[in-house]
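Okay, run.txt now, which holds compact mmCIF, C-alpha atoms:
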# COMPACT_ATOMS: atom_id res chain seq x y z
CA MET A 1 87.54 88.45 69.87
CA LEU A 2 89.69 91.28 68.51
CA GLN A 3 90.43 92.51 72.01
CA SER A 4 91.74 89.13 73.08
CA GLU A 5 93.87 88.73 69.94
CA LYS A 6 95.73 92.05 70.12
CA PRO A 7 99.15 90.31 70.41
CA LEU A 8 98.49 88.26 67.26
CA LEU A 9 97.27 91.30 65.35
CA PHE A 10 100.39 93.20 66.42
CA VAL A 11 102.54 90.30 65.23
CA CYS A 12 100.77 90.31 61.85
CA LEU A 13 101.43 94.05 61.50
CA LEU A 14 105.05 93.43 62.48
CA ALA A 15 105.36 90.83 59.71
CA VAL A 16 103.97 93.26 57.12
CA ALA A 17 106.32 96.01 58.32
CA GLY A 18 109.21 93.56 58.36
CA TYR A 19 108.75 92.64 54.71
CA ALA A 20 108.62 96.32 53.77
CA ALA A 21 111.75 97.15 55.76
CA ASP A 22 113.75 93.95 55.06
CA PRO A 23 115.82 95.42 52.19
CA PHE A 24 116.84 98.33 54.41
CA LEU A 25 117.83 96.15 57.38
CA GLU A 26 120.80 94.52 55.68
CA GLY A 27 123.08 97.35 56.84
CA LEU A 28 122.36 96.86 60.53
CA GLY A 29 125.50 94.83 61.15
CA GLN A 30 125.76 91.67 63.21
CA ALA A 31 124.64 93.22 66.51
CA GLY A 32 121.57 94.83 64.95
CA SER A 33 120.73 91.65 63.02
CA LEU A 34 121.03 89.63 66.23
CA LEU A 35 118.54 91.95 67.97
CA GLU A 36 116.26 91.69 64.96
CA THR A 37 116.48 87.88 65.08
CA THR A 38 115.66 87.86 68.79
CA ALA A 39 112.63 90.09 68.23
CA LEU A 40 111.40 87.90 65.37
CA ILE A 41 111.80 84.72 67.43
CA ALA A 42 109.75 86.35 70.18
CA ALA A 43 107.10 87.32 67.62
CA ILE A 44 107.00 83.75 66.26
CA LEU A 45 106.52 82.48 69.81
CA VAL A 46 103.61 84.89 70.30
CA ALA A 47 101.98 83.66 67.09
CA SER A 48 102.58 79.99 67.92
CA LEU A 49 101.20 80.49 71.44
CA SER A 50 98.06 81.98 69.90
CA VAL A 51 97.78 78.95 67.61
CA ALA A 52 98.24 76.61 70.58
CA ARG A 53 95.73 78.51 72.74
CA HIS A 54 92.97 78.11 70.19
CA ALA A 55 94.02 74.53 69.48
CA GLU A 56 93.69 73.93 73.22
CA ARG A 57 90.18 75.44 73.21
CA ILE A 58 89.17 73.09 70.42
CA ALA A 59 90.89 70.27 72.31
CA GLN A 60 88.90 70.99 75.47
CA LYS A 61 85.67 70.70 73.53
CA LEU A 62 86.72 67.45 71.91
CA GLY A 63 88.42 65.87 74.95
CA ASP A 64 91.14 63.23 74.85
CA PRO A 65 92.44 61.67 72.69
CA TYR A 66 91.22 64.10 70.01
CA GLY A 67 92.28 67.15 72.01
CA SER A 68 95.89 66.08 72.43
CA MET A 69 95.99 65.11 68.76
CA ILE A 70 94.89 68.63 67.72
CA LEU A 71 97.55 70.17 69.98
CA THR A 72 100.39 68.01 68.68
CA LEU A 73 99.38 68.39 65.03
CA SER A 74 99.26 72.18 65.33
CA ALA A 75 102.73 72.18 66.90
CA VAL A 76 104.13 69.89 64.19
CA LEU A 77 102.61 72.10 61.48
CA VAL A 78 104.35 75.15 62.96
CA GLU A 79 107.62 73.19 63.16
CA VAL A 80 107.42 71.99 59.55
CA ILE A 81 106.75 75.52 58.28
CA VAL A 82 109.66 77.02 60.24
CA LEU A 83 111.93 74.11 59.34
CA VAL A 84 111.21 74.28 55.61
CA ILE A 85 111.87 78.02 55.47
CA VAL A 86 114.95 78.08 57.70
CA SER A 87 116.56 75.02 56.08
CA ALA A 88 116.09 76.54 52.63
CA GLN A 89 118.01 79.63 53.74
CA ALA A 90 120.62 77.88 55.89
CA GLY A 91 121.59 75.37 53.20
CA SER A 92 122.62 72.78 55.80
CA PRO A 93 121.95 69.15 54.79
CA THR A 94 121.74 68.06 58.45
CA LEU A 95 119.41 70.77 59.80
CA VAL A 96 116.26 68.68 59.33
CA ARG A 97 117.79 65.69 61.10
CA ASP A 98 119.15 67.81 63.95
CA SER A 99 115.80 69.59 64.38
CA ILE A 100 113.87 66.32 64.64
CA TYR A 101 116.46 64.93 67.06
CA SER A 102 116.30 68.13 69.15
CA ALA A 103 112.50 68.05 69.15
CA VAL A 104 112.43 64.48 70.53
CA MET A 105 115.00 65.35 73.21
CA LEU A 106 113.01 68.47 74.12
CA ASP A 107 109.63 66.71 74.18
CA ILE A 108 110.56 63.55 76.07
CA ASN A 109 113.50 64.58 78.25
CA GLY A 110 112.60 68.26 78.60
CA ILE A 111 108.81 68.54 78.75
CA LEU A 112 108.08 65.10 80.23
CA GLY A 113 111.02 65.40 82.63
CA VAL A 114 110.05 68.80 84.04
CA ALA A 115 106.34 67.91 84.15
CA ALA A 116 106.96 64.64 86.04
CA LEU A 117 109.35 66.42 88.41
CA ILE A 118 107.09 69.34 89.35
CA GLY A 119 104.00 67.13 89.35
CA GLY A 120 105.78 64.58 91.52
CA PHE A 121 106.83 67.21 94.06
CA LYS A 122 103.26 68.51 94.27
CA HIS A 123 101.17 65.33 94.01
CA GLY A 124 103.56 62.42 94.59
CA GLU A 125 102.76 59.65 92.12
CA GLN A 126 100.61 60.73 89.18
CA ALA A 127 98.46 58.20 87.36
CA TYR A 128 97.89 57.79 83.63
CA ASN A 129 96.98 55.04 81.17
CA ASP A 130 100.10 52.92 80.66
CA ASP A 131 98.70 51.54 77.37
CA SER A 132 99.26 54.94 75.79
CA ALA A 133 102.89 55.14 76.91
CA ARG A 134 103.70 51.66 75.56
CA THR A 135 101.98 52.38 72.25
CA TYR A 136 103.77 55.71 71.81
CA SER A 137 107.17 54.28 72.79
CA VAL A 138 107.14 51.35 70.38
CA MET A 139 105.89 53.54 67.51
CA ILE A 140 108.52 56.23 68.12
CA LEU A 141 111.27 53.59 68.24
CA THR A 142 110.04 52.03 64.99
CA ALA A 143 109.71 55.39 63.21
CA VAL A 144 113.15 56.58 64.36
CA THR A 145 114.81 53.31 63.31
CA VAL A 146 113.26 53.31 59.83
CA SER A 147 113.74 57.01 59.08
CA MET A 148 116.85 58.08 61.03
CA ILE A 149 119.05 55.02 61.71
CA ILE A 150 118.75 52.75 58.67
CA PRO A 151 119.50 55.61 56.17
CA GLU A 152 123.11 55.53 57.41
CA PHE A 153 123.50 52.21 55.55
CA VAL A 154 121.69 53.21 52.34
CA PRO A 155 124.16 54.01 49.52
CA GLN A 156 123.89 57.30 47.67
CA PRO A 157 122.63 55.86 44.34
CA LYS A 158 119.67 54.21 46.10
CA TRP A 159 118.52 57.05 48.35
CA ARG A 160 115.46 57.92 46.24
CA ALA A 161 114.05 54.41 46.50
CA TYR A 162 114.52 54.28 50.26
CA SER A 163 113.15 57.82 50.69
CA ALA A 164 110.01 56.79 48.82
CA PHE A 165 109.71 53.72 51.06
CA THR A 166 110.16 55.90 54.15
CA VAL A 167 107.38 58.27 53.06
CA VAL A 168 104.96 55.39 52.47
CA ALA A 169 105.96 53.61 55.68
CA MET A 170 105.55 56.72 57.85
CA LEU A 171 102.16 57.58 56.36
CA LEU A 172 100.91 54.01 56.80
CA LEU A 173 102.18 53.96 60.37
CA TYR A 174 100.47 57.25 61.14
CA GLY A 175 97.27 56.10 59.45
CA VAL A 176 97.10 53.03 61.67
CA PHE A 177 97.95 55.15 64.70
CA LEU A 178 95.10 57.58 63.94
CA ARG A 179 92.75 54.64 63.48
CA MET A 180 93.73 53.37 66.92
CA GLN A 181 93.66 56.79 68.57
CA THR A 182 90.20 57.73 67.28
CA GLY A 183 88.68 54.28 66.79
CA PRO A 184 88.20 51.14 68.86
CA HIS A 185 91.40 51.65 70.86
CA SER A 186 90.83 55.30 71.78
CA TYR A 187 90.67 54.29 75.44
CA PHE A 188 94.43 53.61 75.22
CA PHE A 189 95.00 57.37 75.18
CA SER A 190 92.56 58.55 77.85
CA TYR A 191 92.27 58.34 81.61
CA SER A 192 89.27 59.03 83.85
CA TYR A 193 89.97 61.83 86.32
CA PRO A 194 87.44 63.11 88.85
CA GLU A 195 85.75 66.19 87.47
CA LYS A 196 86.37 69.44 89.31
CA LYS A 197 83.54 71.87 89.81
CA THR A 198 84.19 75.27 88.31
CA ARG A 199 83.64 78.10 90.76
CA ARG A 200 82.59 80.63 88.18
CA PRO A 201 80.62 79.51 85.14
CA VAL A 202 81.89 80.98 81.90
CA PRO A 203 79.27 83.39 80.44
CA ALA A 204 77.78 82.22 77.17
CA GLY A 205 79.20 83.91 74.11
CA THR A 206 82.54 84.83 75.70
CA VAL A 207 84.35 81.72 74.46
CA PRO A 208 85.09 81.65 70.71
CA SER A 209 83.37 78.98 68.66
CA TRP A 210 85.48 76.27 67.05
CA ARG A 211 85.14 78.05 63.71
CA GLN A 212 86.51 81.27 65.18
CA SER A 213 89.33 79.36 66.86
CA ALA A 214 90.15 77.60 63.57
CA ALA A 215 90.24 80.97 61.76
CA VAL A 216 92.62 82.43 64.35
CA MET A 217 94.80 79.30 64.12
CA ALA A 218 95.01 79.72 60.35
CA LEU A 219 95.98 83.39 60.74
CA GLY A 220 98.59 82.48 63.33
CA ILE A 221 100.12 79.80 61.10
CA VAL A 222 100.36 82.27 58.20
CA ALA A 223 102.03 84.76 60.54
CA VAL A 224 104.50 82.09 61.70
CA GLY A 225 105.46 81.36 58.08
CA ALA A 226 105.95 85.03 57.24
CA LEU A 227 107.98 85.72 60.36
CA ALA A 228 110.08 82.59 59.85
CA GLU A 229 111.04 83.86 56.40
CA LEU A 230 112.17 87.18 57.90
CA MET A 231 113.95 85.40 60.73
CA SER A 232 115.92 83.22 58.31
CA HIS A 233 117.22 86.38 56.58
CA SER A 234 118.22 88.11 59.81
CA LEU A 235 119.68 84.89 61.22
CA ASN A 236 121.98 84.52 58.23
CA ARG A 237 123.13 88.13 58.61
CA SER A 238 123.71 87.81 62.35
CA LEU A 239 125.72 84.56 62.05
CA THR A 240 127.96 85.66 59.17
CA GLY A 241 131.56 84.86 60.06
CA ILE A 242 130.59 83.14 63.33
CA ASN A 243 131.10 79.41 63.80
CA VAL A 244 127.76 78.41 65.34
CA PRO A 245 126.83 74.71 65.64
CA VAL A 246 123.95 73.72 63.38
CA GLY A 247 122.48 72.02 66.45
CA LEU A 248 121.84 75.42 68.03
CA ILE A 249 119.70 76.53 65.08
CA ALA A 250 117.96 73.15 65.21
CA LEU A 251 117.23 73.63 68.91
CA ILE A 252 115.75 77.08 68.20
CA VAL A 253 113.44 75.57 65.57
CA ALA A 254 112.41 72.78 67.95
CA GLY A 255 111.92 75.23 70.82
CA ILE A 256 109.63 77.47 68.78
CA SER A 257 107.24 74.61 68.07
CA ALA A 258 107.52 73.10 71.56
CA ALA A 259 106.95 76.31 73.57
CA PRO A 260 103.12 76.11 73.55
CA GLU A 261 103.24 72.39 74.39
CA MET A 262 105.49 73.14 77.37
CA LEU A 263 102.98 75.53 78.94
CA THR A 264 100.06 73.14 78.36
CA ALA A 265 101.99 70.15 79.73
CA PHE A 266 103.22 71.99 82.83
CA ARG A 267 99.70 73.21 83.62
CA ALA A 268 98.40 69.66 83.23
CA ALA A 269 101.11 68.29 85.54
CA LEU A 270 100.31 70.85 88.24
CA ALA A 271 96.62 69.95 87.87
CA ASN A 272 97.51 66.25 88.39
CA ARG A 273 96.48 65.27 84.86
CA MET A 274 99.52 63.28 83.76
CA GLN A 275 97.67 61.62 80.89
CA SER A 276 97.61 64.92 79.04
CA VAL A 277 101.36 65.30 79.63
CA VAL A 278 102.08 61.82 78.25
CA ASN A 279 99.85 62.44 75.23
CA ILE A 280 101.49 65.80 74.53
CA ALA A 281 105.15 64.84 75.09
CA LEU A 282 105.13 61.42 73.42
CA GLY A 283 102.48 62.37 70.88
CA ALA A 284 104.49 65.40 69.79
CA SER A 285 107.64 63.29 69.46
CA LEU A 286 105.82 60.69 67.37
CA SER A 287 104.13 63.31 65.19
CA THR A 288 107.43 65.13 64.67
CA VAL A 289 109.18 62.02 63.38
CA ILE A 290 106.30 60.43 61.54
CA LEU A 291 105.04 63.59 59.79
CA THR A 292 108.09 65.86 59.43
CA VAL A 293 110.24 63.12 57.88
CA PRO A 294 107.90 62.33 54.95
CA ALA A 295 107.26 66.03 54.30
CA MET A 296 110.98 66.77 54.06
CA GLU A 297 111.75 63.59 52.12
CA VAL A 298 109.13 64.50 49.50
CA MET A 299 110.73 67.94 49.14
CA ALA A 300 114.15 66.29 48.78
CA MET A 301 112.91 63.97 46.04
CA ILE A 302 111.30 66.87 44.20
CA SER A 303 114.45 69.00 44.39
CA GLY A 304 116.76 66.06 43.71
CA GLN A 305 118.95 67.04 46.65
CA ARG A 306 119.32 64.35 49.31
CA ILE A 307 119.00 65.48 52.90
CA VAL A 308 121.01 63.76 55.62
CA MET A 309 118.49 61.97 57.85
CA ALA A 310 120.88 59.42 59.41
CA MET A 311 121.79 60.37 62.98
CA THR A 312 125.38 60.45 64.16
CA PRO A 313 126.49 57.59 66.45
CA LEU A 314 126.24 59.90 69.49
CA GLN A 315 122.75 61.06 68.50
CA THR A 316 121.70 57.45 67.97
CA LEU A 317 122.97 56.53 71.44
CA MET A 318 121.15 59.45 73.09
CA MET A 319 117.95 58.65 71.19
CA LEU A 320 117.99 54.96 72.11
CA VAL A 321 118.80 55.63 75.78
CA THR A 322 116.00 58.22 75.93
CA LEU A 323 113.44 55.81 74.48
CA VAL A 324 114.57 52.93 76.71
CA VAL A 325 114.40 55.12 79.85
CA ALA A 326 110.97 56.40 78.80
CA ALA A 327 109.73 52.85 78.19
CA ILE A 328 110.92 51.74 81.63
CA ASN A 329 109.64 54.82 83.48
CA LEU A 330 106.26 54.82 81.78
CA ASN A 331 105.55 51.10 82.12
CA ASP A 332 103.64 51.10 85.42
CA GLY A 333 100.93 53.74 84.94
CA GLN A 334 102.39 56.22 87.46
CA THR A 335 105.10 58.86 87.33
CA ASN A 336 107.10 60.41 90.16
CA ALA A 337 109.80 63.01 90.72
CA ILE A 338 112.65 60.49 90.39
CA GLU A 339 111.50 59.47 86.92
CA GLY A 340 111.23 63.13 85.96
CA MET A 341 114.77 63.75 87.23
CA THR A 342 116.21 60.93 85.10
CA HIS A 343 114.81 62.55 81.97
CA LEU A 344 116.04 65.97 83.07
CA VAL A 345 119.59 64.61 83.50
CA LEU A 346 119.41 63.22 79.95
CA PHE A 347 118.19 66.60 78.71
CA GLY A 348 121.09 68.27 80.49
CA ALA A 349 123.48 65.85 78.77
CA PHE A 350 121.89 66.74 75.42
CA LEU A 351 122.43 70.47 76.07
CA MET A 352 126.01 69.87 77.22
CA LEU A 353 126.81 67.90 74.07
CA LEU A 354 125.24 70.68 72.00
CA ALA A 355 127.39 73.29 73.74
CA LEU A 356 130.47 71.18 73.00
CA GLY A 357 129.51 71.02 69.32
CA LEU A 358 128.95 67.24 69.41

Output the structure of this file as structure tokens.
Amino acid sequence: MLQSEKPLLFVCLLAVAGYAADPFLEGLGQAGSLLETTALIAAILVASLSVARHAERIAQKLGDPYGSMILTLSAVLVEVIVLVIVSAQAGSPTLVRDSIYSAVMLDINGILGVAALIGGFKHGEQAYNDDSARTYSVMILTAVTVSMIIPEFVPQPKWRAYSAFTVVAMLLLYGVFLRMQTGPHSYFFSYSYPEKKTRRPVPAGTVPSWRQSAAVMALGIVAVGALAELMSHSLNRSLTGINVPVGLIALIVAGISAAPEMLTAFRAALANRMQSVVNIALGASLSTVILTVPAMEVMAMISGQRIVMAMTPLQTLMMLVTLVVAAINLNDGQTNAIEGMTHLVLFGAFLMLLALGL
């Protein structure tokens, strides 16, 4: 167990050393702080990949839909931790909104787009349960409308009341979703694939138990939080005096949490298991909106400082087009390379707009 977790142990030691050396690193200058930030982002990715790897092991034992749910929840937990810490240091009222928007663009247009493209080139049309795609799409659209479009029309004196409503609405929506996903409608989120025979049986005792995997996940999440705190310090030092779009920081936060999901989704697409890709990409988007929003709204109500959750008109347009294209593409129970390419073009447009500062 220790042998296989050497990278995570190294990352934990790096976090301890980073806290000890943080006061002395302030004199590095912008170039040195930028290198430090890059190293810390890489360390956070290592820790989050370790979390995702053990979440995937638990997921394999549980099977769909429970497995995909564990994967998406672990990714959202990592994102919330990084987002809370970075937003507290950055002091930007729009960072939470931009991070959620970036995460949805990355999950649906990025992950689903690449997975459908490479899977389509290798296998042609890839089958999945279209009930899951329809359920995810309508829930994402509802959650985004309630939490990120309507707030634009809520006046400042009434933001607390609407924030409280949003928290309750999101939790109720997620509660019903969990009931469906794990209860009588669990078949919506699964698909029967022919089982492949493993050539080499895995020796007993070589795979960690679920308790060991849960312990490593907990250690990895603690490491992510500690490293995110250090990264927020170095990021502030490296960006001093530089006009960097907040969207770039938001994309970094979204990318950190989505990196493990990308690897899992791409492996599933190459293995012709598109149901896992749909569950991961759309499930992560839904979990990001429906869980991150109430967590951040509660913090805003406690602090008394309103956060800007309403998307800009351009963000709203990109979000709605993305969800409409996903609903159309995922309506027939099969994906192909053309559908993947449409999402990739939308993701390219998102990156271009980000580069232009829009």

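When all atoms listed in the file are used to compute distances to Leu9 in chain A, the closest of the residues A:Ala43, A:Leu106, A:Leu270, A:Ala116 turns out to be A:Ala43.
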
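Point (87.3, 75.7, 69.0) has the following residues at most 6 Å away: Arg57, Ile58, Ser209, Trp210 and Ser213 of chain A (atoms considered: only C-alpha atoms).
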
Hey, can you spit out that residue selection with C-alpha atoms as a short mmCIF file (atom, residue, chain, number, x, y, z; two decimals), in the frame of the given file?
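Wrote out.cif, looks like this:
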data_model
loop_
_atom_site.label_atom_id
_atom_site.label_comp_id
_atom_site.auth_asym_id
_atom_site.auth_seq_id
_atom_site.Cartn_x
_atom_site.Cartn_y
_atom_site.Cartn_z
CA ARG A 57 90.18 75.44 73.21
CA ILE A 58 89.17 73.09 70.42
CA SER A 209 83.37 78.98 68.66
CA TRP A 210 85.48 76.27 67.05
CA SER A 213 89.33 79.36 66.86
#

Practice problem: Fewer than 2 positions away in the same chain doesn't count, so skip those; otherwise give me all residues within 7 Å of range 28-39 of chain A, counting all atoms listed in the file, as number ranges by chain. | Solution: A: 25-26, 41-43, 231, 234-235, 237-238

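One distance worth recording is that between CA of Ala327 in chain A and CA of Gln275 in chain A, which is 15.2 Å.
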
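With distances taken over all atoms listed in the file, A:Tyr128 is the one residue among A:Tyr128, A:Phe10, A:Tyr101, A:Tyr19 lying closest to Asn331 in chain A.
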
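Residues lying within 9 Å of Ile81 in chain A, counting only C-alpha atoms and ignoring same-chain neighbours fewer than 5 positions away, are Val76, Val86, Ile221, Val224, Gly225 and Ala228 of chain A.
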
Quiz item: What does the distance between CA of Ile290 in chain A and CA of Met170 in chain A come to in Å, to one decimal place?
Solution: 5.3 Å

Exercise. Considering all atoms listed in the file, state which residue in the set A:Ala52, A:Leu112, A:Leu248, A:Val176 is at the smallest distance from Val216 in chain A.
Key: A:Ala52

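Compared by their closest atoms to Ile70 in chain A, and using all atoms listed in the file, the residues A:Leu49, A:Ala55, A:Ala115, A:Leu282 rank with A:Ala55 nearest.
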
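Of the listed residues (A:Met311, A:Ala271, A:Ile328, A:Met319), A:Ala271 comes nearest to Ile118 in chain A; the distances count only C-alpha atoms.
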
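A straight line drawn from CA of Leu83 in chain A to CA of Ile307 in chain A is 12.9 Å long.
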
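If only C-alpha atoms are the atoms counted, then among A:Gly247, A:Pro313, A:Gly283, A:Gly348 the closest residue to Thr94 in chain A is A:Gly247.
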
Counting only C-alpha atoms, what are the residues of range 93-130 of chain A within 12 Å of range 135-151 of chain A, and for each of them which pair of atoms is the nearest and at what distance in Å, to one decimal? Sort the table by chain and rising number, as JSON lines.
{"residue": "A:Thr94", "atom": "CA", "partner": "A:Met148", "partner_atom": "CA", "distance": 11.4}
{"residue": "A:Val96", "atom": "CA", "partner": "A:Met148", "partner_atom": "CA", "distance": 10.8}
{"residue": "A:Arg97", "atom": "CA", "partner": "A:Met148", "partner_atom": "CA", "distance": 7.7}
{"residue": "A:Asp98", "atom": "CA", "partner": "A:Met148", "partner_atom": "CA", "distance": 10.4}
{"residue": "A:Ile100", "atom": "CA", "partner": "A:Met148", "partner_atom": "CA", "distance": 9.5}
{"residue": "A:Tyr101", "atom": "CA", "partner": "A:Met148", "partner_atom": "CA", "distance": 9.1}
{"residue": "A:Val104", "atom": "CA", "partner": "A:Ile140", "partner_atom": "CA", "distance": 9.4}
{"residue": "A:Ile108", "atom": "CA", "partner": "A:Ser137", "partner_atom": "CA", "distance": 10.4}
{"residue": "A:Asn129", "atom": "CA", "partner": "A:Thr135", "partner_atom": "CA", "distance": 10.6}
{"residue": "A:Asp130", "atom": "CA", "partner": "A:Thr135", "partner_atom": "CA", "distance": 8.6}

Do you know which residues are at most 10 Å from Met318 in chain A counting only C-alpha atoms, after dropping those on the same chain fewer than 2 positions away, and could you put them as a CSV table (one decimal) with C-alpha atoms, keeping the file's coordinate frame?
chain,number,residue,atom,x,y,z
A,101,TYR,CA,116.5,64.9,67.1
A,105,MET,CA,115.0,65.4,73.2
A,312,THR,CA,125.4,60.4,64.2
A,313,PRO,CA,126.5,57.6,66.4
A,314,LEU,CA,126.2,59.9,69.5
A,315,GLN,CA,122.8,61.1,68.5
A,316,THR,CA,121.7,57.4,68.0
A,320,LEU,CA,118.0,55.0,72.1
A,321,VAL,CA,118.8,55.6,75.8
A,322,THR,CA,116.0,58.2,75.9
A,323,LEU,CA,113.4,55.8,74.5
A,324,VAL,CA,114.6,52.9,76.7
A,346,LEU,CA,119.4,63.2,80.0
A,347,PHE,CA,118.2,66.6,78.7
A,349,ALA,CA,123.5,65.8,78.8
A,350,PHE,CA,121.9,66.7,75.4

In file coordinates, which residues lie within 12 Å of (98.6, 92.3, 65.2) using all atoms listed in the file, given as a PDB file with C-alpha atoms, keeping the file's coordinate frame?
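File written: out_21.pdb
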ATOM      1  CA  LEU A   2      89.690  91.280  68.510  1.00  0.00           C
ATOM      2  CA  GLN A   3      90.430  92.510  72.010  1.00  0.00           C
ATOM      3  CA  SER A   4      91.740  89.130  73.080  1.00  0.00           C
ATOM      4  CA  GLU A   5      93.870  88.730  69.940  1.00  0.00           C
ATOM      5  CA  LYS A   6      95.730  92.050  70.120  1.00  0.00           C
ATOM      6  CA  PRO A   7      99.150  90.310  70.410  1.00  0.00           C
ATOM      7  CA  LEU A   8      98.490  88.260  67.260  1.00  0.00           C
ATOM      8  CA  LEU A   9      97.270  91.300  65.350  1.00  0.00           C
ATOM      9  CA  PHE A  10     100.390  93.200  66.420  1.00  0.00           C
ATOM     10  CA  VAL A  11     102.540  90.300  65.230  1.00  0.00           C
ATOM     11  CA  CYS A  12     100.770  90.310  61.850  1.00  0.00           C
ATOM     12  CA  LEU A  13     101.430  94.050  61.500  1.00  0.00           C
ATOM     13  CA  LEU A  14     105.050  93.430  62.480  1.00  0.00           C
ATOM     14  CA  ALA A  15     105.360  90.830  59.710  1.00  0.00           C
ATOM     15  CA  VAL A  16     103.970  93.260  57.120  1.00  0.00           C
ATOM     16  CA  ALA A  17     106.320  96.010  58.320  1.00  0.00           C
ATOM     17  CA  ALA A  43     107.100  87.320  67.620  1.00  0.00           C
ATOM     18  CA  VAL A  46     103.610  84.890  70.300  1.00  0.00           C
ATOM     19  CA  ALA A  47     101.980  83.660  67.090  1.00  0.00           C
ATOM     20  CA  SER A  50      98.060  81.980  69.900  1.00  0.00           C
ATOM     21  CA  VAL A 216      92.620  82.430  64.350  1.00  0.00           C
ATOM     22  CA  LEU A 219      95.980  83.390  60.740  1.00  0.00           C
ATOM     23  CA  GLY A 220      98.590  82.480  63.330  1.00  0.00           C
ATOM     24  CA  ALA A 223     102.030  84.760  60.540  1.00  0.00           C
TER      25      ALA A 223
END

How would range 312-329 of chain A look with N, CA and C atoms restored, written as a PDB file, keeping the file's coordinate frame?
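New file rebuild_35.pdb:
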ATOM      1  N   THR A 312     124.001  60.802  63.822  1.00  0.00           N
ATOM      2  CA  THR A 312     125.380  60.450  64.160  1.00  0.00           C
ATOM      3  C   THR A 312     125.359  59.344  65.223  1.00  0.00           C
ATOM      4  N   PRO A 313     126.475  58.633  65.413  1.00  0.00           N
ATOM      5  CA  PRO A 313     126.490  57.590  66.450  1.00  0.00           C
ATOM      6  C   PRO A 313     126.114  58.124  67.840  1.00  0.00           C
ATOM      7  N   LEU A 314     126.560  59.336  68.177  1.00  0.00           N
ATOM      8  CA  LEU A 314     126.240  59.900  69.490  1.00  0.00           C
ATOM      9  C   LEU A 314     124.751  60.236  69.582  1.00  0.00           C
ATOM     10  N   GLN A 315     124.182  60.784  68.522  1.00  0.00           N
ATOM     11  CA  GLN A 315     122.750  61.060  68.500  1.00  0.00           C
ATOM     12  C   GLN A 315     121.942  59.772  68.614  1.00  0.00           C
ATOM     13  N   THR A 316     122.397  58.741  67.910  1.00  0.00           N
ATOM     14  CA  THR A 316     121.700  57.450  67.970  1.00  0.00           C
ATOM     15  C   THR A 316     121.716  56.899  69.393  1.00  0.00           C
ATOM     16  N   LEU A 317     122.869  57.005  70.060  1.00  0.00           N
ATOM     17  CA  LEU A 317     122.970  56.530  71.440  1.00  0.00           C
ATOM     18  C   LEU A 317     122.030  57.302  72.349  1.00  0.00           C
ATOM     19  N   MET A 318     122.029  58.636  72.247  1.00  0.00           N
ATOM     20  CA  MET A 318     121.150  59.450  73.090  1.00  0.00           C
ATOM     21  C   MET A 318     119.682  59.144  72.817  1.00  0.00           C
ATOM     22  N   MET A 319     119.328  58.954  71.547  1.00  0.00           N
ATOM     23  CA  MET A 319     117.950  58.650  71.190  1.00  0.00           C
ATOM     24  C   MET A 319     117.510  57.312  71.780  1.00  0.00           C
ATOM     25  N   LEU A 320     118.348  56.293  71.615  1.00  0.00           N
ATOM     26  CA  LEU A 320     117.990  54.960  72.110  1.00  0.00           C
ATOM     27  C   LEU A 320     117.902  54.944  73.636  1.00  0.00           C
ATOM     28  N   VAL A 321     118.845  55.584  74.310  1.00  0.00           N
ATOM     29  CA  VAL A 321     118.800  55.630  75.780  1.00  0.00           C
ATOM     30  C   VAL A 321     117.538  56.363  76.243  1.00  0.00           C
ATOM     31  N   THR A 322     117.209  57.466  75.575  1.00  0.00           N
ATOM     32  CA  THR A 322     116.000  58.220  75.930  1.00  0.00           C
ATOM     33  C   THR A 322     114.750  57.359  75.803  1.00  0.00           C
ATOM     34  N   LEU A 323     114.637  56.631  74.700  1.00  0.00           N
ATOM     35  CA  LEU A 323     113.440  55.810  74.480  1.00  0.00           C
ATOM     36  C   LEU A 323     113.387  54.624  75.436  1.00  0.00           C
ATOM     37  N   VAL A 324     114.550  54.040  75.749  1.00  0.00           N
ATOM     38  CA  VAL A 324     114.570  52.930  76.710  1.00  0.00           C
ATOM     39  C   VAL A 324     114.180  53.417  78.101  1.00  0.00           C
ATOM     40  N   VAL A 325     114.743  54.560  78.527  1.00  0.00           N
ATOM     41  CA  VAL A 325     114.400  55.120  79.850  1.00  0.00           C
ATOM     42  C   VAL A 325     112.923  55.478  79.904  1.00  0.00           C
ATOM     43  N   ALA A 326     112.396  56.066  78.829  1.00  0.00           N
ATOM     44  CA  ALA A 326     110.970  56.400  78.800  1.00  0.00           C
ATOM     45  C   ALA A 326     110.113  55.149  78.879  1.00  0.00           C
ATOM     46  N   ALA A 327     110.500  54.093  78.165  1.00  0.00           N
ATOM     47  CA  ALA A 327     109.730  52.850  78.190  1.00  0.00           C
ATOM     48  C   ALA A 327     109.718  52.222  79.579  1.00  0.00           C
ATOM     49  N   ILE A 328     110.854  52.294  80.276  1.00  0.00           N
ATOM     50  CA  ILE A 328     110.920  51.740  81.630  1.00  0.00           C
ATOM     51  C   ILE A 328     110.126  52.600  82.615  1.00  0.00           C
ATOM     52  N   ASN A 329     110.326  53.920  82.544  1.00  0.00           N
ATOM     53  CA  ASN A 329     109.640  54.820  83.480  1.00  0.00           C
ATOM     54  C   ASN A 329     108.135  54.812  83.298  1.00  0.00           C
TER      55      ASN A 329
END
